[in-house]
file structure_24.pdb (PDB, C-alpha atoms)
ATOM      1  CA  PRO A   1      -8.818  -6.603 -28.108
ATOM      2  CA  GLY A   2     -11.963  -4.708 -28.901
ATOM      3  CA  GLU A   3     -13.637  -7.689 -30.523
ATOM      4  CA  VAL A   4     -17.393  -8.123 -30.068
ATOM      5  CA  ILE A   5     -19.070 -11.516 -29.919
ATOM      6  CA  ALA A   6     -22.801 -12.165 -29.604
ATOM      7  CA  VAL A   7     -22.999 -14.844 -26.895
ATOM      8  CA  ALA A   8     -26.790 -14.999 -26.541
ATOM      9  CA  PRO A   9     -29.797 -13.106 -27.872
ATOM     10  CA  ARG A  10     -29.371  -9.446 -26.850
ATOM     11  CA  VAL A  11     -26.030 -10.151 -25.090
ATOM     12  CA  LEU A  12     -22.750  -8.905 -26.571
ATOM     13  CA  TRP A  13     -19.324  -9.672 -25.125
ATOM     14  CA  LEU A  14     -16.650  -7.000 -25.592
ATOM     15  CA  ARG A  15     -13.066  -7.920 -24.911
ATOM     16  CA  MET A  16     -11.053  -4.864 -23.872
ATOM     17  CA  PRO A  17      -7.270  -4.856 -23.425
ATOM     18  CA  LEU A  18      -5.409  -4.292 -20.167
ATOM     19  CA  PRO A  19      -1.811  -3.024 -19.899
ATOM     20  CA  PHE A  20      -0.667  -5.669 -17.412
ATOM     21  CA  ALA A  21      -0.373  -9.455 -16.975
ATOM     22  CA  LEU A  22      -4.111 -10.072 -16.997
ATOM     23  CA  ASP A  23      -4.306  -8.853 -20.577
ATOM     24  CA  HIS A  24      -8.043  -8.265 -21.058
ATOM     25  CA  ILE A  25     -11.369  -7.729 -19.352
ATOM     26  CA  SER A  26     -14.787  -8.925 -20.416
ATOM     27  CA  LEU A  27     -17.438  -6.222 -20.714
ATOM     28  CA  TRP A  28     -21.080  -6.872 -21.532
ATOM     29  CA  LEU A  29     -23.614  -4.948 -23.601
ATOM     30  CA  LEU A  30     -27.175  -6.032 -22.875
ATOM     31  CA  ALA A  31     -29.616  -4.883 -25.533
ATOM     32  CA  ASP A  32     -32.609  -3.115 -24.062
ATOM     33  CA  ARG A  33     -35.985  -3.301 -25.808
ATOM     34  CA  ASP A  34     -35.888   0.411 -26.612
ATOM     35  CA  ASP A  35     -32.844   0.045 -28.888
ATOM     36  CA  GLY A  36     -30.378   1.127 -26.224
ATOM     37  CA  PHE A  37     -27.958  -0.869 -24.094
ATOM     38  CA  THR A  38     -27.139  -1.578 -20.479
ATOM     39  CA  LEU A  39     -23.348  -1.789 -20.121
ATOM     40  CA  VAL A  40     -21.807  -4.038 -17.474
ATOM     41  CA  ASP A  41     -18.310  -2.773 -16.600
ATOM     42  CA  CYS A  42     -16.332  -0.208 -18.576
ATOM     43  CA  GLY A  43     -12.627  -1.001 -18.996
ATOM     44  CA  ILE A  44      -9.768   1.168 -17.768
ATOM     45  CA  GLY A  45      -9.756   4.891 -18.476
ATOM     46  CA  ASP A  46      -6.713   5.075 -20.739
ATOM     47  CA  ALA A  47      -6.306   6.378 -24.302
ATOM     48  CA  PRO A  48      -6.159   2.958 -26.048
ATOM     49  CA  THR A  49      -9.349   1.748 -24.336
ATOM     50  CA  ARG A  50     -11.150   5.010 -25.039
ATOM     51  CA  ALA A  51     -10.092   4.756 -28.704
ATOM     52  CA  LEU A  52     -11.677   1.279 -28.818
ATOM     53  CA  TRP A  53     -14.806   2.714 -27.213
ATOM     54  CA  GLU A  54     -14.919   5.380 -29.938
ATOM     55  CA  ARG A  55     -14.820   2.584 -32.513
ATOM     56  CA  HIS A  56     -17.624   0.735 -30.688
ATOM     57  CA  VAL A  57     -19.731   3.885 -30.546
ATOM     58  CA  ALA A  58     -19.449   4.178 -34.331
ATOM     59  CA  THR A  59     -19.913   0.471 -35.111
ATOM     60  CA  THR A  60     -21.195  -1.810 -32.369
ATOM     61  CA  LEU A  61     -23.623   0.698 -30.871
ATOM     62  CA  ALA A  62     -24.611   1.992 -34.336
ATOM     63  CA  ALA A  63     -26.206   5.177 -32.947
ATOM     64  CA  ARG A  64     -27.950   3.264 -30.137
ATOM     65  CA  PRO A  65     -27.259   4.785 -26.717
ATOM     66  CA  ILE A  66     -25.956   3.286 -23.523
ATOM     67  CA  ARG A  67     -28.929   3.812 -21.178
ATOM     68  CA  ARG A  68     -27.368   2.513 -17.941
ATOM     69  CA  ILE A  69     -23.922   1.487 -16.717
ATOM     70  CA  ILE A  70     -23.410  -1.174 -14.072
ATOM     71  CA  ALA A  71     -20.005  -1.230 -12.388
ATOM     72  CA  THR A  72     -19.646  -4.582 -10.640
ATOM     73  CA  HIS A  73     -16.842  -3.397  -8.376
ATOM     74  CA  CYS A  74     -14.216  -0.677  -7.862
ATOM     75  CA  HIS A  75     -11.243  -2.174  -9.726
ATOM     76  CA  PRO A  76      -9.937   0.185 -12.439
ATOM     77  CA  ASP A  77     -10.794  -2.197 -15.284
ATOM     78  CA  HIS A  78     -14.431  -2.254 -14.150
ATOM     79  CA  VAL A  79     -15.001   1.420 -13.277
ATOM     80  CA  GLY A  80     -12.237   3.263 -15.186
ATOM     81  CA  ASN A  81     -14.504   4.645 -17.910
ATOM     82  CA  ALA A  82     -17.735   4.826 -15.923
ATOM     83  CA  ALA A  83     -17.775   8.619 -15.505
ATOM     84  CA  TRP A  84     -16.577   9.245 -19.069
ATOM     85  CA  LEU A  85     -19.230   6.995 -20.630
ATOM     86  CA  ALA A  86     -21.944   8.196 -18.237
ATOM     87  CA  GLN A  87     -21.297  11.796 -19.217
ATOM     88  CA  ARG A  88     -21.167  10.972 -22.916
ATOM     89  CA  PHE A  89     -24.487   9.102 -22.917
ATOM     90  CA  GLY A  90     -26.256  10.784 -19.994
ATOM     91  CA  ALA A  91     -26.457   7.314 -18.439
ATOM     92  CA  PRO A  92     -26.656   6.649 -14.704
ATOM     93  CA  VAL A  93     -23.995   4.471 -13.095
ATOM     94  CA  ALA A  94     -25.242   1.707 -10.802
ATOM     95  CA  MET A  95     -23.009   0.048  -8.213
ATOM     96  CA  THR A  96     -23.025  -0.880  -4.566
ATOM     97  CA  HIS A  97     -22.554   1.805  -1.945
ATOM     98  CA  ALA A  98     -19.373   0.176  -0.601
ATOM     99  CA  GLU A  99     -17.768  -0.082  -4.053
ATOM    100  CA  PHE A 100     -18.654   3.530  -4.896
ATOM    101  CA  LEU A 101     -17.101   4.799  -1.653
ATOM    102  CA  THR A 102     -14.064   2.512  -1.950
ATOM    103  CA  ALA A 103     -13.349   3.685  -5.506
ATOM    104  CA  HIS A 104     -13.361   7.296  -4.323
ATOM    105  CA  ALA A 105     -11.233   6.485  -1.264
ATOM    106  CA  ILE A 106      -8.592   4.687  -3.348
ATOM    107  CA  ARG A 107      -8.480   7.359  -6.058
ATOM    108  CA  ASP A 108      -8.314  10.199  -3.520
ATOM    109  CA  GLU A 109      -6.050   8.263  -1.096
ATOM    110  CA  GLN A 110      -8.463   8.594   1.821
ATOM    111  CA  SER A 111      -9.739   6.404   4.654
ATOM    112  CA  GLY A 112      -6.821   3.996   4.905
ATOM    113  CA  HIS A 113      -6.202   3.879   1.146
ATOM    114  CA  SER A 114      -3.220   6.227   1.018
ATOM    115  CA  ARG A 115      -0.007   5.074  -0.639
ATOM    116  CA  ALA A 116       1.720   5.319   2.748
ATOM    117  CA  ALA A 117      -0.868   3.006   4.351
ATOM    118  CA  THR A 118      -0.606   0.534   1.466
ATOM    119  CA  ILE A 119       3.187   0.512   1.579
ATOM    120  CA  ASP A 120       3.128   0.031   5.346
ATOM    121  CA  LEU A 121       0.699  -2.888   4.960
ATOM    122  CA  PHE A 122       2.957  -4.608   2.400
ATOM    123  CA  ARG A 123       6.071  -3.900   4.524
ATOM    124  CA  ARG A 124       4.436  -5.474   7.591
ATOM    125  CA  HIS A 125       3.563  -8.542   5.513
ATOM    126  CA  GLY A 126       7.112  -9.122   4.288
ATOM    127  CA  MET A 127       7.513  -7.269   0.998
ATOM    128  CA  ASP A 128      11.219  -6.716   0.369
ATOM    129  CA  ALA A 129      12.808  -3.255   0.239
ATOM    130  CA  ASP A 130      13.306  -3.208  -3.561
ATOM    131  CA  ALA A 131       9.663  -4.064  -4.225
ATOM    132  CA  LEU A 132       8.567  -1.430  -1.698
ATOM    133  CA  ALA A 133      10.772   1.179  -3.399
ATOM    134  CA  ALA A 134       9.214   0.305  -6.762
ATOM    135  CA  LEU A 135       5.761   0.685  -5.231
ATOM    136  CA  VAL A 136       6.669   4.114  -3.862
ATOM    137  CA  ALA A 137       8.058   5.196  -7.256
ATOM    138  CA  ARG A 138       4.933   4.028  -9.089
ATOM    139  CA  GLY A 139       2.679   6.534  -7.324
ATOM    140  CA  ASN A 140      -1.102   6.321  -7.474
ATOM    141  CA  GLY A 141      -1.623   3.815 -10.276
ATOM    142  CA  TYR A 142      -5.358   3.777  -9.637
ATOM    143  CA  ARG A 143      -5.667   7.448 -10.551
ATOM    144  CA  ARG A 144      -3.864   6.821 -13.870
ATOM    145  CA  LEU A 145      -6.378   4.104 -14.793
ATOM    146  CA  VAL A 146      -9.424   5.869 -13.331
ATOM    147  CA  PRO A 147      -9.004   9.518 -14.368
ATOM    148  CA  GLU A 148     -12.437  10.465 -13.037
ATOM    149  CA  LEU A 149     -15.245   8.809 -11.107
ATOM    150  CA  PRO A 150     -18.978   9.416 -11.161
ATOM    151  CA  GLY A 151     -20.082  11.958  -8.578
ATOM    152  CA  GLY A 152     -23.279  10.017  -7.921
ATOM    153  CA  PHE A 153     -24.690   6.563  -8.487
ATOM    154  CA  ASP A 154     -27.777   4.385  -8.413
ATOM    155  CA  ARG A 155     -27.369   2.038  -5.473
ATOM    156  CA  LEU A 156     -27.314  -1.706  -6.119
ATOM    157  CA  LEU A 157     -28.402  -3.913  -3.231
ATOM    158  CA  ASP A 158     -27.597  -7.565  -2.610
ATOM    159  CA  GLY A 159     -30.286  -9.788  -4.065
ATOM    160  CA  ALA A 160     -31.852  -7.044  -6.183
ATOM    161  CA  THR A 161     -33.135  -7.916  -9.645
ATOM    162  CA  ILE A 162     -32.169  -5.623 -12.478
ATOM    163  CA  HIS A 163     -34.491  -5.421 -15.460
ATOM    164  CA  LEU A 164     -33.457  -4.206 -18.868
ATOM    165  CA  VAL A 165     -34.983  -0.889 -19.835
ATOM    166  CA  ASN A 166     -38.582  -1.259 -20.963
ATOM    167  CA  SER A 167     -38.522  -4.999 -20.396
ATOM    168  CA  ASP A 168     -41.264  -6.891 -18.710
ATOM    169  CA  PRO A 169     -40.470  -8.328 -15.243
ATOM    170  CA  PRO A 170     -40.368 -12.144 -15.200
TER     171      PRO A 170
END
call {"tool": "encode", "arguments": {"input": "structure_24.pdb", "output": "structure tokens"}}
result
Amino acid sequence: PGEVIAVAPRVLWLRMPLPFALDHISLWLLADRDDGFTLVDCGIGDAPTRALWERHVATTLAARPIRRIIATHCHPDHVGNAAWLAQRFGAPVAMTHAEFLTAHAIRDEQSGHSRAATIDLFRRHGMDADALAALVARGNGYRRLVPELPGGFDRLLDGATIHLVNSDPP
């Protein structure tokens, strides 16, 4: 967990831990030509992951800023630290419109993403009573892993090309 591996010129792979069966997530730092980075995905927003980020800020980033954050989708391990890192570095968060809205709906339990709606869905599809009770007791797990979300975003569109900061288009 927290290890960094250079996988290609200007591409760093960060392995961040997860507190469940899928035990890690791959995050990517893409070195921009201006000595900053574009970050792809952020890890979950818990204390152990944020402590690893603090270590990376001091070592891996070596005083170079994160210029842009790309959240590939709304799962907590991809967007959990997006707002926290964006605020720290003054970096915009880029994601699709649907993923941005879905993240907010899940976290705020809106638009069909309430715990009651989720429990009803699982009940109708055969989940047993004990598993449903455990789900009810767990509460909003998303909110625990995504303590805050960005209030705004740069919209990613299907088929769009993203260039690193100050890089020449192909």
call {"tool": "resolve_selection", "arguments": {"input": "structure_24.pdb", "expression": "the PyMOL selection byres ((chain A and resi 31-37) around 8)", "output": "number ranges by chain"}}
result
A: 10-11, 29-30, 38-39, 64-68, 164-167
call {"tool": "closest_residue", "arguments": {"input": "structure_24.pdb", "among": "A:Pro19, A:Gly90, A:Pro9, A:Gly2", "to": "Arg55 in chain A", "atoms": "only C-alpha atoms"}}
result
A:Gly2
call {"tool": "closest_residue", "arguments": {"input": "structure_24.pdb", "among": "A:Leu61, A:Leu149, A:Cys74, A:Ala103", "to": "Gln87 in chain A", "atoms": "only C-alpha atoms"}}
result
A:Leu149
call {"tool": "closest_residue", "arguments": {"input": "structure_24.pdb", "among": "A:Asp130, A:Asp23, A:Asp158, A:Glu148", "to": "His97 in chain A", "atoms": "all atoms listed in the file"}}
result
A:Asp158
call {"tool": "resolve_selection", "arguments": {"input": "structure_24.pdb", "expression": "the PyMOL selection byres ((chain A and resi 50) around 12)", "output": "number ranges by chain"}}
result
A: 2, 16-18, 42-49, 51-57, 80-82, 84-85, 88, 145-147
call {"tool": "write_last_selection", "arguments": {"input": "structure_24.pdb", "atoms": "C-alpha atoms", "output": "short mmCIF file (atom, residue, chain, number, x, y, z; two decimals), keeping the file's coordinate frame"}}
result
data_model
loop_
_atom_site.label_atom_id
_atom_site.label_comp_id
_atom_site.auth_asym_id
_atom_site.auth_seq_id
_atom_site.Cartn_x
_atom_site.Cartn_y
_atom_site.Cartn_z
CA GLY A 2 -11.96 -4.71 -28.90
CA MET A 16 -11.05 -4.86 -23.87
CA PRO A 17 -7.27 -4.86 -23.42
CA LEU A 18 -5.41 -4.29 -20.17
CA CYS A 42 -16.33 -0.21 -18.58
CA GLY A 43 -12.63 -1.00 -19.00
CA ILE A 44 -9.77 1.17 -17.77
CA GLY A 45 -9.76 4.89 -18.48
CA ASP A 46 -6.71 5.08 -20.74
CA ALA A 47 -6.31 6.38 -24.30
CA PRO A 48 -6.16 2.96 -26.05
CA THR A 49 -9.35 1.75 -24.34
CA ALA A 51 -10.09 4.76 -28.70
CA LEU A 52 -11.68 1.28 -28.82
CA TRP A 53 -14.81 2.71 -27.21
CA GLU A 54 -14.92 5.38 -29.94
CA ARG A 55 -14.82 2.58 -32.51
CA HIS A 56 -17.62 0.74 -30.69
CA VAL A 57 -19.73 3.88 -30.55
CA GLY A 80 -12.24 3.26 -15.19
CA ASN A 81 -14.50 4.64 -17.91
CA ALA A 82 -17.74 4.83 -15.92
CA TRP A 84 -16.58 9.24 -19.07
CA LEU A 85 -19.23 7.00 -20.63
CA ARG A 88 -21.17 10.97 -22.92
CA LEU A 145 -6.38 4.10 -14.79
CA VAL A 146 -9.42 5.87 -13.33
CA PRO A 147 -9.00 9.52 -14.37
#
call {"tool": "atom_distance", "arguments": {"input": "structure_24.pdb", "atom1": "CA of Phe100 in chain A", "atom2": "CA of Ile69 in chain A"}}
result
13.1 Å
call {"tool": "atom_distance", "arguments": {"input": "structure_24.pdb", "atom1": "CA of Ser111 in chain A", "atom2": "CA of Ala83 in chain A"}}
result
21.8 Å
call {"tool": "resolve_selection", "arguments": {"input": "structure_24.pdb", "expression": "the PyMOL selection byres ((chain A and resi 102) around 12)", "output": "ChimeraX atom specification"}}
result
/A:73-76,79,95-101,103-114,142,149
call {"tool": "decode", "arguments": {"input": "structure_24.pdb", "residues": "range 30-65 of chain A", "atoms": "N, CA, C and O atoms", "output": "CSV table (one decimal), in the first residue's frame"}}
result
chain,number,residue,atom,x,y,z
A,30,LEU,N,0.2,11.5,-13.7
A,30,LEU,CA,0.8,11.7,-15.1
A,30,LEU,C,1.5,13.0,-15.0
A,30,LEU,O,1.0,14.1,-14.7
A,31,ALA,N,2.8,13.0,-15.2
A,31,ALA,CA,3.7,14.2,-15.1
A,31,ALA,C,3.4,15.1,-16.2
A,31,ALA,O,3.5,14.8,-17.4
A,32,ASP,N,3.0,16.3,-15.9
A,32,ASP,CA,2.8,17.4,-16.9
A,32,ASP,C,4.1,18.1,-17.2
A,32,ASP,O,5.1,18.0,-16.4
A,33,ARG,N,4.2,18.7,-18.3
A,33,ARG,CA,5.5,19.4,-18.7
A,33,ARG,C,5.8,20.6,-17.8
A,33,ARG,O,7.0,21.0,-17.9
A,34,ASP,N,4.9,21.1,-17.0
A,34,ASP,CA,5.2,22.2,-16.2
A,34,ASP,C,5.6,21.9,-14.8
A,34,ASP,O,5.6,22.7,-13.9
A,35,ASP,N,6.0,20.6,-14.6
A,35,ASP,CA,6.4,20.1,-13.3
A,35,ASP,C,5.3,19.8,-12.3
A,35,ASP,O,5.5,19.6,-11.1
A,36,GLY,N,4.1,19.8,-12.8
A,36,GLY,CA,2.9,19.4,-12.0
A,36,GLY,C,2.5,18.0,-12.4
A,36,GLY,O,3.1,17.3,-13.2
A,37,PHE,N,1.3,17.6,-11.9
A,37,PHE,CA,0.8,16.3,-12.2
A,37,PHE,C,-0.7,16.4,-12.5
A,37,PHE,O,-1.4,17.2,-12.0
A,38,THR,N,-1.2,15.5,-13.4
A,38,THR,CA,-2.6,15.2,-13.5
A,38,THR,C,-2.8,13.9,-12.8
A,38,THR,O,-2.1,12.9,-13.0
A,39,LEU,N,-3.7,13.8,-11.8
A,39,LEU,CA,-4.0,12.6,-11.0
A,39,LEU,C,-5.3,12.0,-11.6
A,39,LEU,O,-6.3,12.6,-11.8
A,40,VAL,N,-5.2,10.7,-11.8
A,40,VAL,CA,-6.3,9.9,-12.3
A,40,VAL,C,-6.8,9.0,-11.1
A,40,VAL,O,-6.1,8.1,-10.7
A,41,ASP,N,-7.9,9.3,-10.6
A,41,ASP,CA,-8.6,8.7,-9.4
A,41,ASP,C,-7.8,9.0,-8.1
A,41,ASP,O,-6.7,9.5,-8.1
A,42,CYS,N,-8.5,8.9,-7.0
A,42,CYS,CA,-8.1,9.5,-5.7
A,42,CYS,C,-8.0,8.6,-4.5
A,42,CYS,O,-7.5,9.0,-3.5
A,43,GLY,N,-8.6,7.4,-4.5
A,43,GLY,CA,-8.6,6.6,-3.3
A,43,GLY,C,-9.8,7.0,-2.5
A,43,GLY,O,-10.4,8.1,-2.7
A,44,ILE,N,-10.1,6.2,-1.5
A,44,ILE,CA,-11.2,6.5,-0.6
A,44,ILE,C,-10.8,7.6,0.4
A,44,ILE,O,-9.6,7.8,0.7
A,45,GLY,N,-11.8,8.3,0.9
A,45,GLY,CA,-11.5,9.4,1.8
A,45,GLY,C,-11.5,9.0,3.3
A,45,GLY,O,-12.3,9.5,4.1
A,46,ASP,N,-10.6,8.1,3.6
A,46,ASP,CA,-10.5,7.7,5.0
A,46,ASP,C,-9.1,8.2,5.6
A,46,ASP,O,-8.2,8.6,4.8
A,47,ALA,N,-8.9,8.1,6.9
A,47,ALA,CA,-7.7,8.6,7.5
A,47,ALA,C,-6.4,7.8,7.0
A,47,ALA,O,-5.4,8.5,6.7
A,48,PRO,N,-6.5,6.5,6.9
A,48,PRO,CA,-5.2,5.8,6.4
A,48,PRO,C,-4.8,6.2,5.0
A,48,PRO,O,-3.7,6.5,4.7
A,49,THR,N,-5.8,6.4,4.1
A,49,THR,CA,-5.5,6.8,2.8
A,49,THR,C,-5.0,8.3,2.7
A,49,THR,O,-4.0,8.6,2.0
A,50,ARG,N,-5.6,9.1,3.5
A,50,ARG,CA,-5.2,10.5,3.6
A,50,ARG,C,-3.8,10.6,4.2
A,50,ARG,O,-3.0,11.4,3.8
A,51,ALA,N,-3.4,9.7,5.1
A,51,ALA,CA,-2.1,9.7,5.7
A,51,ALA,C,-1.1,9.3,4.6
A,51,ALA,O,0.0,9.9,4.5
A,52,LEU,N,-1.4,8.3,3.8
A,52,LEU,CA,-0.5,8.0,2.6
A,52,LEU,C,-0.4,9.1,1.7
A,52,LEU,O,0.7,9.4,1.1
A,53,TRP,N,-1.5,9.8,1.4
A,53,TRP,CA,-1.4,11.0,0.5
A,53,TRP,C,-0.5,12.1,1.1
A,53,TRP,O,0.3,12.7,0.4
A,54,GLU,N,-0.5,12.3,2.4
A,54,GLU,CA,0.4,13.2,3.1
A,54,GLU,C,1.8,12.8,2.8
A,54,GLU,O,2.7,13.6,2.5
A,55,ARG,N,2.1,11.5,2.9
A,55,ARG,CA,3.5,11.0,2.6
A,55,ARG,C,3.8,11.3,1.2
A,55,ARG,O,4.9,11.7,0.9
A,56,HIS,N,2.9,11.0,0.2
A,56,HIS,CA,3.2,11.3,-1.2
A,56,HIS,C,3.4,12.7,-1.5
A,56,HIS,O,4.2,13.1,-2.3
A,57,VAL,N,2.6,13.6,-0.8
A,57,VAL,CA,2.8,15.0,-1.0
A,57,VAL,C,4.3,15.4,-0.6
A,57,VAL,O,4.9,16.2,-1.3
A,58,ALA,N,4.8,14.8,0.4
A,58,ALA,CA,6.1,15.1,0.9
A,58,ALA,C,7.2,14.5,0.1
A,58,ALA,O,8.3,15.0,0.0
A,59,THR,N,6.9,13.3,-0.5
A,59,THR,CA,8.0,12.5,-1.2
A,59,THR,C,7.7,12.4,-2.7
A,59,THR,O,8.5,13.0,-3.5
A,60,THR,N,6.7,11.8,-3.1
A,60,THR,CA,6.5,11.5,-4.5
A,60,THR,C,6.3,12.8,-5.3
A,60,THR,O,6.9,13.0,-6.4
A,61,LEU,N,5.5,13.7,-4.8
A,61,LEU,CA,5.2,14.9,-5.5
A,61,LEU,C,6.4,15.9,-5.3
A,61,LEU,O,6.6,16.7,-6.2
A,62,ALA,N,7.1,15.8,-4.2
A,62,ALA,CA,8.3,16.6,-4.0
A,62,ALA,C,8.1,18.1,-4.4
A,62,ALA,O,8.8,18.7,-5.2
A,63,ALA,N,7.1,18.7,-3.8
A,63,ALA,CA,6.7,20.1,-4.0
A,63,ALA,C,6.1,20.4,-5.3
A,63,ALA,O,5.9,21.6,-5.7
A,64,ARG,N,5.9,19.4,-6.2
A,64,ARG,CA,5.2,19.6,-7.4
A,64,ARG,C,3.7,19.5,-7.2
A,64,ARG,O,3.2,18.6,-6.5
A,65,PRO,N,2.9,20.4,-7.8
A,65,PRO,CA,1.5,20.3,-7.5
A,65,PRO,C,0.7,19.3,-8.4
A,65,PRO,O,1.1,19.0,-9.4
